>>> print(open('coords-v2.cif').read())   # mmCIF, C-alpha atoms
data_start
loop_
_atom_site.label_atom_id
_atom_site.label_comp_id
_atom_site.auth_asym_id
_atom_site.auth_seq_id
_atom_site.Cartn_x
_atom_site.Cartn_y
_atom_site.Cartn_z
CA MET Q 93 3.80 2.51 47.56
CA SER Q 94 0.47 1.99 49.25
CA GLU Q 95 -0.68 5.44 48.18
CA GLU Q 96 -4.24 5.52 46.89
CA ILE Q 97 -5.04 7.02 43.52
CA LYS Q 98 -8.20 6.84 41.50
CA ARG Q 99 -8.77 8.07 37.98
CA SER Q 100 -12.19 9.49 37.20
CA TYR Q 101 -12.97 6.80 34.60
CA GLU Q 102 -12.41 4.07 37.21
CA LYS Q 103 -15.81 4.83 38.72
CA TYR Q 104 -17.25 2.90 35.75
CA PHE Q 105 -15.39 -0.28 36.70
CA ARG Q 106 -16.57 -2.93 39.12
CA GLU Q 107 -13.32 -2.59 40.99
CA HIS Q 108 -13.90 -5.49 43.34
CA ARG Q 109 -13.71 -7.74 40.26
CA LEU Q 110 -10.29 -6.44 39.17
CA PRO Q 111 -7.72 -7.64 38.21
CA HIS Q 112 -9.57 -8.98 35.18
CA LEU Q 113 -9.03 -12.50 33.82
CA TRP Q 114 -7.50 -11.48 30.50
CA CYS Q 115 -3.97 -12.72 29.85
CA PRO Q 116 -0.95 -10.54 30.67
CA GLY Q 117 -0.59 -7.97 27.89
CA CYS Q 118 -4.03 -8.56 26.36
CA GLY Q 119 -5.32 -5.50 24.51
CA ASN Q 120 -8.91 -5.95 25.68
CA GLY Q 121 -8.15 -4.10 28.91
CA ILE Q 122 -6.88 -1.13 26.91
CA ALA Q 123 -9.95 -1.12 24.65
CA MET Q 124 -12.24 -1.31 27.71
CA LYS Q 125 -10.42 1.70 29.17
CA ALA Q 126 -10.98 3.57 25.88
CA ILE Q 127 -14.73 2.82 26.11
CA VAL Q 128 -15.07 4.24 29.63
CA MET Q 129 -12.95 7.25 28.63
CA ALA Q 130 -15.38 7.85 25.74
CA ILE Q 131 -18.44 7.40 27.98
CA GLU Q 132 -16.96 9.89 30.43
CA LYS Q 133 -16.87 12.53 27.71
CA HIS Q 134 -20.67 12.26 27.46
CA PRO Q 135 -22.01 13.83 30.67
CA GLU Q 136 -25.55 12.77 29.80
CA LEU Q 137 -24.56 9.09 30.11
CA ASN Q 138 -24.59 7.56 33.56
CA LYS Q 139 -24.81 4.13 35.17
CA ASP Q 140 -28.61 4.15 35.05
CA ASN Q 141 -29.21 5.07 31.43
CA THR Q 142 -26.42 3.13 29.75
CA VAL Q 143 -26.57 -0.56 28.95
CA ILE Q 144 -23.56 -2.66 28.00
CA ILE Q 145 -24.31 -5.85 26.12
CA SER Q 146 -21.78 -8.46 25.08
CA GLY Q 147 -21.80 -11.85 23.42
CA ILE Q 148 -19.35 -14.66 24.11
CA GLY Q 149 -15.58 -14.64 23.91
CA CYS Q 150 -12.60 -12.93 25.48
CA SER Q 151 -13.83 -9.47 24.47
CA SER Q 152 -17.29 -10.12 25.82
CA ARG Q 153 -16.00 -10.60 29.37
CA ALA Q 154 -15.71 -6.79 29.44
CA SER Q 155 -19.37 -6.39 30.41
CA GLY Q 156 -18.65 -8.14 33.71
CA TYR Q 157 -16.11 -5.49 34.70
CA MET Q 158 -18.14 -2.44 33.78
CA ASP Q 159 -20.44 -0.94 36.38
CA PHE Q 160 -23.51 -0.28 34.24
CA ASP Q 161 -26.61 -2.35 33.59
CA THR Q 162 -24.92 -5.15 31.70
CA LEU Q 163 -26.00 -8.24 29.85
CA HIS Q 164 -23.71 -11.12 28.89
CA THR Q 165 -25.66 -12.93 26.19
CA ALA Q 166 -25.47 -16.01 23.96
CA HIS Q 167 -22.70 -16.50 21.41
CA GLY Q 168 -23.13 -14.14 18.45
CA ARG Q 169 -26.46 -12.88 19.76
CA ALA Q 170 -25.41 -9.64 21.44
CA LEU Q 171 -26.99 -7.59 18.63
CA PRO Q 172 -30.46 -9.21 18.82
CA PHE Q 173 -30.51 -8.68 22.61
CA ALA Q 174 -29.42 -5.07 22.08
CA THR Q 175 -32.09 -4.56 19.42
CA GLY Q 176 -34.74 -5.79 21.84
CA ILE Q 177 -33.61 -3.50 24.63
CA LYS Q 178 -33.39 -0.49 22.34
CA LEU Q 179 -36.89 -1.08 20.94
CA ALA Q 180 -38.42 -1.60 24.38
CA ARG Q 181 -36.56 1.30 26.02
CA PRO Q 182 -35.47 3.84 23.37
CA ASP Q 183 -34.39 6.23 26.14
CA LEU Q 184 -31.44 4.00 27.07
CA LYS Q 185 -28.01 4.26 25.44
CA VAL Q 186 -27.08 0.78 24.29
CA ILE Q 187 -23.43 -0.16 23.75
CA VAL Q 188 -22.47 -3.57 22.39
CA ILE Q 189 -19.06 -5.14 23.00
CA THR Q 190 -18.27 -8.04 20.71
CA GLY Q 191 -15.32 -9.88 19.25
CA ASP Q 192 -14.23 -10.83 15.76
CA GLY Q 193 -15.57 -14.38 16.03
CA ASP Q 194 -18.71 -13.38 17.91
CA CYS Q 195 -19.66 -10.58 15.50
CA THR Q 196 -18.52 -11.79 12.10
CA ALA Q 197 -18.82 -15.60 12.32
CA ILE Q 198 -21.49 -16.81 14.73
CA GLY Q 199 -23.34 -13.50 14.71
CA GLY Q 200 -22.54 -12.54 11.13
CA ASN Q 201 -26.10 -12.56 9.90
CA HIS Q 202 -27.33 -10.54 12.87
CA PHE Q 203 -24.56 -8.05 12.20
CA ILE Q 204 -25.60 -7.49 8.59
CA HIS Q 205 -29.26 -7.05 9.40
CA THR Q 206 -28.76 -4.84 12.45
CA CYS Q 207 -26.67 -2.56 10.20
CA ARG Q 208 -29.38 -2.70 7.53
CA ARG Q 209 -32.17 -1.70 9.90
CA ASN Q 210 -30.00 1.07 11.37
CA HIS Q 211 -30.80 0.62 15.06
CA ASP Q 212 -29.37 3.28 17.35
CA LEU Q 213 -26.59 1.14 18.83
CA THR Q 214 -22.86 1.66 19.32
CA VAL Q 215 -20.98 -1.53 18.55
CA ILE Q 216 -17.34 -1.94 19.50
CA LEU Q 217 -15.68 -4.97 17.96
CA PHE Q 218 -12.48 -6.07 19.73
CA ASN Q 219 -10.54 -7.59 16.86
CA ASN Q 220 -7.79 -9.90 18.12
CA ASN Q 221 -7.72 -11.91 14.85
CA ILE Q 222 -8.41 -15.25 16.57
CA TYR Q 223 -10.69 -17.22 18.89
CA GLY Q 224 -8.56 -16.67 21.98
CA MET Q 225 -10.70 -18.17 24.73
CA THR Q 226 -11.44 -21.50 23.09
CA GLY Q 227 -7.87 -22.35 22.16
CA GLY Q 228 -6.75 -20.22 19.23
CA GLN Q 229 -8.91 -21.39 16.33
CA THR Q 230 -8.94 -19.33 13.14
CA SER Q 231 -11.62 -16.63 12.95
CA PRO Q 232 -13.06 -14.93 9.85
CA MET Q 233 -10.69 -12.06 10.60
CA THR Q 234 -7.47 -14.08 10.83
CA PRO Q 235 -5.23 -12.51 8.15
CA LYS Q 236 -4.18 -14.61 5.17
CA GLY Q 237 -1.09 -16.68 5.93
CA LYS Q 238 -1.36 -16.33 9.71
CA LYS Q 239 -1.38 -19.49 11.80
CA ALA Q 240 -4.03 -20.69 14.21
CA THR Q 241 -4.63 -24.10 15.76
CA THR Q 242 -7.09 -24.94 12.97
CA THR Q 243 -4.86 -23.50 10.23
CA PRO Q 244 -1.42 -24.83 11.23
CA TYR Q 245 0.04 -23.99 7.80
CA GLY Q 246 -1.45 -20.50 7.72
CA ALA Q 247 -4.94 -19.30 6.80
CA ILE Q 248 -5.54 -19.62 3.07
CA ALA Q 249 -8.78 -17.67 2.82
CA GLN Q 250 -8.86 -13.88 2.76
CA PRO Q 251 -10.06 -12.19 5.98
CA LEU Q 252 -13.32 -10.31 6.30
CA ASP Q 253 -13.28 -6.51 6.46
CA PRO Q 254 -16.14 -5.69 8.87
CA SER Q 255 -15.81 -1.94 8.27
CA ALA Q 256 -16.53 -2.38 4.55
CA LEU Q 257 -19.33 -4.82 5.40
CA ALA Q 258 -20.94 -2.42 7.90
CA LYS Q 259 -20.74 0.40 5.36
CA ALA Q 260 -22.28 -1.71 2.60
CA ALA Q 261 -25.02 -3.04 4.89
CA GLY Q 262 -26.22 0.41 5.93
CA ALA Q 263 -24.46 1.46 9.15
CA THR Q 264 -24.31 5.23 9.63
CA PHE Q 265 -20.97 5.42 11.46
CA VAL Q 266 -17.91 3.29 10.78
CA GLY Q 267 -14.52 3.76 12.41
CA ARG Q 268 -11.39 1.87 13.34
CA SER Q 269 -8.50 2.33 15.74
CA THR Q 270 -6.02 0.22 17.69
CA ALA Q 271 -4.99 -0.51 21.26
CA TYR Q 272 -1.77 1.44 20.64
CA HIS Q 273 -3.71 4.62 19.77
CA VAL Q 274 -5.68 4.72 23.04
CA GLN Q 275 -6.76 8.36 22.90
CA HIS Q 276 -7.64 8.09 19.20
CA LEU Q 277 -9.68 4.96 19.92
CA ALA Q 278 -11.52 6.77 22.72
CA SER Q 279 -12.20 9.68 20.37
CA VAL Q 280 -13.56 7.41 17.60
CA ILE Q 281 -15.85 5.67 20.14
CA GLU Q 282 -16.96 9.07 21.45
CA GLN Q 283 -17.93 10.15 17.92
CA GLY Q 284 -19.72 6.83 17.46
CA LEU Q 285 -21.75 7.49 20.62
CA ASN Q 286 -22.82 10.84 19.13
CA ASN Q 287 -24.24 9.15 16.04
CA HIS Q 288 -27.99 8.53 16.13
CA GLY Q 289 -27.96 5.25 14.23
CA PHE Q 290 -25.85 2.13 13.92
CA ALA Q 291 -22.29 3.07 14.89
CA PHE Q 292 -19.59 0.48 14.33
CA VAL Q 293 -16.07 0.81 15.75
CA GLU Q 294 -13.38 -1.81 15.18
CA ALA Q 295 -10.73 -1.81 17.93
CA ILE Q 296 -7.66 -3.77 16.89
CA VAL Q 297 -6.24 -5.43 20.01
CA GLN Q 298 -3.32 -7.75 20.54
CA CYS Q 299 -3.72 -11.37 21.62
CA PRO Q 300 -0.22 -12.31 22.78
CA THR Q 301 -1.19 -15.75 24.10
CA SER Q 302 -2.99 -17.38 21.19
CA TYR Q 303 -2.39 -15.28 18.08
CA GLY Q 304 0.96 -13.71 18.97
CA ARG Q 305 2.64 -16.88 20.19
CA LYS Q 306 1.41 -19.00 17.28
CA ASN Q 307 2.69 -16.45 14.76
CA LYS Q 308 5.87 -15.51 16.64
CA LEU Q 309 4.89 -11.86 16.92
CA GLY Q 310 6.88 -11.28 20.10
CA SER Q 311 5.86 -9.61 23.33
CA PRO Q 312 2.62 -7.67 23.85
CA ALA Q 313 4.64 -4.46 23.45
CA ASP Q 314 6.05 -5.72 20.12
CA MET Q 315 2.52 -6.38 18.88
CA MET Q 316 1.55 -2.82 19.84
CA LYS Q 317 4.62 -1.49 18.03
CA TRP Q 318 3.37 -3.35 14.94
CA MET Q 319 0.12 -1.36 15.26
CA ARG Q 320 2.08 1.86 15.60
CA ASP Q 321 4.17 1.10 12.50
CA ASN Q 322 1.37 -0.16 10.25
CA ALA Q 323 -1.68 1.93 11.14
CA VAL Q 324 -2.12 4.95 8.87
CA MET Q 325 -4.51 7.79 9.66
CA LYS Q 326 -7.32 7.98 7.11
CA ALA Q 327 -6.31 11.42 5.80
CA ALA Q 328 -2.80 10.13 4.99
CA TRP Q 329 -4.17 6.80 3.67
CA ASP Q 330 -6.38 8.60 1.13
CA LYS Q 331 -3.32 10.37 -0.29
CA MET Q 332 -1.26 7.18 -0.56
CA SER Q 333 -0.77 5.51 -3.94
CA ASP Q 334 -1.71 1.87 -4.41
CA GLU Q 335 1.98 0.89 -4.42
CA GLU Q 336 2.40 2.40 -0.95
CA LYS Q 337 -0.59 0.50 0.46
CA THR Q 338 1.31 -2.75 0.39
CA GLY Q 339 2.33 -5.09 3.18
CA GLU Q 340 0.37 -5.01 6.39
CA LYS Q 341 -0.54 -1.32 6.31
CA PHE Q 342 -4.13 -0.51 7.21
CA PRO Q 343 -6.13 2.72 7.66
CA ILE Q 344 -7.53 3.96 10.98
CA GLY Q 345 -9.94 6.78 11.69
CA VAL Q 346 -13.57 7.57 10.92
CA PHE Q 347 -14.54 6.08 7.56
CA LEU Q 348 -18.20 7.05 7.55
CA ASP Q 349 -20.29 9.45 9.63
CA THR Q 350 -23.69 10.10 8.16
CA ARG Q 351 -27.35 10.21 9.10
CA ALA Q 352 -30.24 8.01 8.10
CA GLU Q 353 -33.64 7.37 9.64
CA GLU Q 354 -33.28 5.18 12.70
CA TYR Q 355 -35.38 2.01 13.03
CA GLY Q 356 -36.83 2.84 16.46
CA ASP Q 357 -37.97 6.27 15.26
CA MET Q 358 -39.63 4.75 12.19
CA TYR Q 359 -41.22 2.10 14.39
CA SER Q 360 -42.76 4.60 16.82
CA LYS Q 361 -44.02 6.65 13.87
CA LEU Q 362 -45.67 3.52 12.53
CA ILE Q 363 -47.30 2.86 15.92
CA ASP Q 364 -48.61 6.42 15.98
CA ARG Q 365 -49.94 6.12 12.43
CA ILE Q 366 -51.67 2.78 12.96
CA GLY Q 367 -52.92 3.89 16.36
CA GLY Q 368 -54.54 6.94 14.82
CA LYS Q 369 -52.30 9.68 16.20
CA ASN Q 370 -51.23 12.66 14.04
CA GLN Q 371 -53.96 12.07 11.50
CA MET M 851 8.44 18.23 34.43
CA LYS M 852 8.79 15.47 36.97
CA GLY M 853 6.49 12.58 37.54
CA ARG M 854 5.58 10.46 40.52
CA ILE M 855 4.62 6.87 39.71
CA ILE M 856 2.02 5.03 41.75
CA LEU M 857 1.74 1.27 41.30
CA LYS M 858 -1.20 -0.94 42.15
CA SER M 859 0.86 -4.12 42.28
CA GLU M 860 -2.10 -6.36 43.07
CA ARG M 861 -3.43 -5.63 39.58
CA CYS M 862 -0.10 -5.92 37.72
CA LYS M 863 0.45 -9.04 35.58
CA GLY M 864 3.94 -8.07 34.44
CA CYS M 865 3.23 -7.88 30.70
CA GLY M 866 5.96 -5.25 30.31
CA ILE M 867 4.02 -2.87 28.04
CA CYS M 868 4.67 0.12 30.34
CA ALA M 869 8.41 -0.62 30.50
CA ALA M 870 8.62 -1.02 26.70
CA PHE M 871 6.97 2.34 25.98
CA CYS M 872 8.76 4.32 28.73
CA PRO M 873 11.09 6.75 26.92
CA LYS M 874 13.39 7.07 29.96
CA GLY M 875 13.78 3.44 31.03
CA VAL M 876 12.22 4.12 34.43
CA LEU M 877 10.48 0.76 34.74
CA ALA M 878 11.53 -2.89 34.74
CA ILE M 879 10.07 -6.29 35.61
CA ASP M 880 11.23 -7.53 39.01
CA THR M 881 12.13 -11.09 39.98
CA LEU M 882 8.54 -11.82 41.00
CA GLY M 883 7.27 -10.90 37.51
CA LYS M 884 5.73 -7.58 38.53
CA ILE M 885 6.69 -4.09 37.47
CA GLU M 886 9.10 -2.07 39.60
CA ILE M 887 10.46 1.47 39.46
CA ILE M 888 14.22 1.40 38.91
CA LYS M 889 14.94 5.03 37.98
CA GLY M 890 12.05 6.97 39.49
CA ASP M 891 13.95 10.27 39.38
CA GLU M 892 14.07 10.22 35.59
CA CYS M 893 10.30 10.07 35.09
CA ILE M 894 9.11 12.97 32.90
CA ALA M 895 5.37 12.36 33.53
CA CYS M 896 4.62 11.66 29.86
CA GLY M 897 1.94 9.17 30.91
CA GLN M 898 2.68 6.58 28.20
CA CYS M 899 2.74 3.78 30.79
CA GLU M 900 -0.57 4.74 32.36
CA LEU M 901 -2.24 5.18 28.97
CA ARG M 902 -1.36 1.72 27.68
CA CYS M 903 -1.51 -0.37 30.86
CA PRO M 904 -4.16 -3.06 30.18
CA ASP M 905 -4.59 -3.75 33.89
CA TYR M 906 -5.04 -0.20 35.30
CA ALA M 907 -2.07 -0.88 37.58
CA ILE M 908 0.19 2.14 36.98
CA PHE M 909 -0.56 5.83 37.39
CA VAL M 910 1.55 8.94 36.98
CA GLU M 911 1.05 12.20 38.82
CA LYS M 912 2.73 15.37 37.60
CA GLU M 913 4.96 17.08 40.13
CA GLY M 914 6.38 20.58 40.15
CA ALA M 915 4.29 21.66 37.17
#
>>> encode(input="coords-v2.cif", output="structure tokens")
Amino acid sequence: MSEEIKRSYEKYFREHRLPHLWCPGCGNGIAMKAIVMAIEKHPELNKDNTVIISGIGCSSRASGYMDFDTLHTAHGRALPFATGIKLARPDLKVIVITGDGDCTAIGGNHFIHTCRRNHDLTVILFNNNIYGMTGGQTSPMTPKGKKATTTPYGAIAQPLDPSALAKAAGATFVGRSTAYHVQHLASVIEQGLNNHGFAFVEAIVQCPTSYGRKNKLGSPADMMKWMRDNAVMKAAWDKMSDEEKTGEKFPIGVFLDTRAEEYGDMYSKLIDRIGGKNQ
Amino acid sequence: MKGRIILKSERCKGCGICAAFCPKGVLAIDTLGKIEIIKGDECIACGQCELRCPDYAIFVEKEGA
């Protein structure tokens, strides 16, 4: 079995760095595959005009395995770095990979205001419901009742819904999918890349080591079967009655795809106006 | 439709996702904790294993299409 085979999306990986350091069965590898599958569907994107930016955390290690111009930034600060790059070089496609702790806790304020200003970024949040790398502490997206090392009796606060937050704060594209629905996830990311504005995609991934073990959720495959059984496509979700939306069911799909004036465009118009062009 | 499975064992971490989603029970974890093909003839090239492998360690080629 020494036969060589190479899938076309693998050209976007730094293959000499594989296997990656994520735990056996971690969903981050699947979500990273979905990102490169989505990038591949955009022929105008290549290794020279695409930038991958990540913060800190398990998810954010992805930038180290992707063969683009990449930036591994400070905790929670992936979005400010991305904003800077996009304003300085509007011709580049900027993709941000972040995690639930990185984006909604440490970088929560940046998240709200980057949505509000509507920068042309595509943000993919790998939601594993926990701080995996630092030892399984509870994150703002740990579901109510689920255990973490800092909530040994179960989280008592309600979790944050970043999709609703992004929508309320002014993002122009909001979507969600899971590691089980790989092709669907790739398609949602692809649509997000098409959006000229702030595109937010939540990828639900399994963390079998910290979150799964602490909550007795079984093997990585069992956690993916949970996604299969509880994720409901948006079209079906909209038809469901409130009684049916009980338990752990959650919607996936594209929740918002609209257009609004992008910050960089407004900024260059301002420069032209102040500089005396187009008068 | 028949499938031919190609493993990149150096990448495999033995999480068992491919074996769990294989509809024909073609795959299993071996004694060293890596994936092995136990019933290669029964592969129907559905590609479920390749799609969900987090480590890019298993690939399926269609044969006799």
>>> residues_around(input="coords-v2.cif", residues="Ser151 (chain Q)", least_positions_apart="5", cutoff="7 Å", atoms="all atoms listed in the file", output="list in words")
Asn120, Ile189, Thr190, Gly191 and Phe218 of chain Q
>>> residues_near_point(input="coords-v2.cif", point="(4.7, 16.9, 36.9)", cutoff="8 Å", atoms="all atoms listed in the file", output="PyMOL selection string")
chain M and resi 851-854+894-895+911-915
>>> interface_residues(input="coords-v2.cif", of="chain M", to="chain Q", cutoff="7 Å", atoms="all atoms listed in the file", output="PyMOL selection string")
chain M and resi 856-857+861+863-865+867+870+901-905
>>> write_last_selection(input="coords-v2.cif", atoms="C-alpha atoms", output="CSV table (one decimal), keeping the file's coordinate frame")
chain,number,residue,atom,x,y,z
M,856,ILE,CA,2.0,5.0,41.8
M,857,LEU,CA,1.7,1.3,41.3
M,861,ARG,CA,-3.4,-5.6,39.6
M,863,LYS,CA,0.4,-9.0,35.6
M,864,GLY,CA,3.9,-8.1,34.4
M,865,CYS,CA,3.2,-7.9,30.7
M,867,ILE,CA,4.0,-2.9,28.0
M,870,ALA,CA,8.6,-1.0,26.7
M,901,LEU,CA,-2.2,5.2,29.0
M,902,ARG,CA,-1.4,1.7,27.7
M,903,CYS,CA,-1.5,-0.4,30.9
M,904,PRO,CA,-4.2,-3.1,30.2
M,905,ASP,CA,-4.6,-3.8,33.9
>>> closest_residue(input="coords-v2.cif", among="Q:Phe265, Q:Gly200, Q:Val143, Q:Cys150", to="Phe173 (chain Q)", atoms="all atoms listed in the file")
Q:Val143
>>> atom_distance(input="coords-v2.cif", atom1="CA of Ala258 (chain Q)", atom2="CA of Ala174 (chain Q)")
16.7 Å
>>> closest_residue(input="coords-v2.cif", among="Q:Ala170, Q:Met332, Q:Ile145, Q:Leu217", to="Met158 (chain Q)", atoms="only C-alpha atoms")
Q:Ile145
>>> atom_distance(input="coords-v2.cif", atom1="CA of Ile296 (chain Q)", atom2="CA of Thr243 (chain Q)")
21.0 Å
>>> residues_around(input="coords-v2.cif", residues="Ala323 (chain Q)", least_positions_apart="3", cutoff="6 Å", atoms="all atoms listed in the file", output="compact mmCIF listing (two decimals) with C-alpha atoms, in the frame of the given file")
# COMPACT_ATOMS: atom_id res chain seq x y z
CA MET Q 319 0.12 -1.36 15.26
CA ARG Q 320 2.08 1.86 15.60
CA LYS Q 341 -0.54 -1.32 6.31
CA PHE Q 342 -4.13 -0.51 7.21
CA PRO Q 343 -6.13 2.72 7.66
>>> resolve_selection(input="coords-v2.cif", expression="the PyMOL selection byres ((chain M and resi 908) around 7)", output="list in words")
Ile856, Leu857, Lys858, Cys899, Glu900, Cys903, Tyr906, Ala907, Phe909 and Val910 of chain M
>>> residues_around(input="coords-v2.cif", residues="Asn138 (chain Q)", least_positions_apart="2", cutoff="12 Å", atoms="all atoms listed in the file", output="PyMOL selection string")
chain Q and resi 101+103-104+128+131-136+140-144+158-161+184-186
>>> write_last_selection(input="coords-v2.cif", atoms="C-alpha atoms", output="PDB file, keeping the file's coordinate frame")
ATOM      1  CA  TYR Q 101     -12.970   6.800  34.600  1.00  0.00           C
ATOM      2  CA  LYS Q 103     -15.810   4.830  38.720  1.00  0.00           C
ATOM      3  CA  TYR Q 104     -17.250   2.900  35.750  1.00  0.00           C
ATOM      4  CA  VAL Q 128     -15.070   4.240  29.630  1.00  0.00           C
ATOM      5  CA  ILE Q 131     -18.440   7.400  27.980  1.00  0.00           C
ATOM      6  CA  GLU Q 132     -16.960   9.890  30.430  1.00  0.00           C
ATOM      7  CA  LYS Q 133     -16.870  12.530  27.710  1.00  0.00           C
ATOM      8  CA  HIS Q 134     -20.670  12.260  27.460  1.00  0.00           C
ATOM      9  CA  PRO Q 135     -22.010  13.830  30.670  1.00  0.00           C
ATOM     10  CA  GLU Q 136     -25.550  12.770  29.800  1.00  0.00           C
ATOM     11  CA  ASP Q 140     -28.610   4.150  35.050  1.00  0.00           C
ATOM     12  CA  ASN Q 141     -29.210   5.070  31.430  1.00  0.00           C
ATOM     13  CA  THR Q 142     -26.420   3.130  29.750  1.00  0.00           C
ATOM     14  CA  VAL Q 143     -26.570  -0.560  28.950  1.00  0.00           C
ATOM     15  CA  ILE Q 144     -23.560  -2.660  28.000  1.00  0.00           C
ATOM     16  CA  MET Q 158     -18.140  -2.440  33.780  1.00  0.00           C
ATOM     17  CA  ASP Q 159     -20.440  -0.940  36.380  1.00  0.00           C
ATOM     18  CA  PHE Q 160     -23.510  -0.280  34.240  1.00  0.00           C
ATOM     19  CA  ASP Q 161     -26.610  -2.350  33.590  1.00  0.00           C
ATOM     20  CA  LEU Q 184     -31.440   4.000  27.070  1.00  0.00           C
ATOM     21  CA  LYS Q 185     -28.010   4.260  25.440  1.00  0.00           C
ATOM     22  CA  VAL Q 186     -27.080   0.780  24.290  1.00  0.00           C
TER      23      VAL Q 186
END
>>> atom_distance(input="coords-v2.cif", atom1="CA of Val297 (chain Q)", atom2="CA of Arg209 (chain Q)")
28.1 Å
>>> residues_around(input="coords-v2.cif", residues="Ser360 (chain Q)", least_positions_apart="5", cutoff="10 Å", atoms="all atoms listed in the file", output="PDB file with C-alpha atoms, in the coordinates of the input")
ATOM      1  CA  LEU Q 179     -36.890  -1.080  20.940  1.00  0.00           C
ATOM      2  CA  PRO Q 182     -35.470   3.840  23.370  1.00  0.00           C
ATOM      3  CA  TYR Q 355     -35.380   2.010  13.030  1.00  0.00           C
ATOM      4  CA  ARG Q 365     -49.940   6.120  12.430  1.00  0.00           C
ATOM      5  CA  ILE Q 366     -51.670   2.780  12.960  1.00  0.00           C
TER       6      ILE Q 366
END
>>> residues_around(input="coords-v2.cif", residues="Ala878 (chain M)", least_positions_apart="3", cutoff="6 Å", atoms="all atoms listed in the file", output="VMD selection string")
chain M and resid 869 885 to 886
>>> write_last_selection(input="coords-v2.cif", atoms="C-alpha atoms", output="compact mmCIF listing (two decimals), in the frame of the given file")
# COMPACT_ATOMS: atom_id res chain seq x y z
CA ALA M 869 8.41 -0.62 30.50
CA ILE M 885 6.69 -4.09 37.47
CA GLU M 886 9.10 -2.07 39.60
>>> closest_residue(input="coords-v2.cif", among="Q:Thr175, Q:Ser333, Q:Thr234, Q:Thr350", to="Gly267 (chain Q)", atoms="only C-alpha atoms")
Q:Thr350
>>> resolve_selection(input="coords-v2.cif", expression="the PyMOL selection byres ((chain Q and resi 290) around 7)", output="short mmCIF file (atom, residue, chain, number, x, y, z; two decimals) with C-alpha atoms, in the frame of the given file")
data_model
loop_
_atom_site.label_atom_id
_atom_site.label_comp_id
_atom_site.auth_asym_id
_atom_site.auth_seq_id
_atom_site.Cartn_x
_atom_site.Cartn_y
_atom_site.Cartn_z
CA CYS Q 207 -26.67 -2.56 10.20
CA ASN Q 210 -30.00 1.07 11.37
CA HIS Q 211 -30.80 0.62 15.06
CA ASP Q 212 -29.37 3.28 17.35
CA LEU Q 213 -26.59 1.14 18.83
CA THR Q 214 -22.86 1.66 19.32
CA ALA Q 263 -24.46 1.46 9.15
CA THR Q 264 -24.31 5.23 9.63
CA PHE Q 265 -20.97 5.42 11.46
CA GLY Q 289 -27.96 5.25 14.23
CA ALA Q 291 -22.29 3.07 14.89
CA PHE Q 292 -19.59 0.48 14.33
#
>>> resolve_selection(input="coords-v2.cif", expression="the PyMOL selection byres ((chain Q and resi 167) around 9)", output="ChimeraX atom specification")
/Q:146-149,165-166,168-170,194-195,198-199
>>> axis_aligned_box(input="coords-v2.cif", around="region 274-282 of chain Q", padding_each_side="6 Å", output="lines of an AutoDock Vina configuration file")
center_x = -11.3
center_y = 7.2
center_z = 20.3
size_x = 23.3
size_y = 17.0
size_z = 17.4
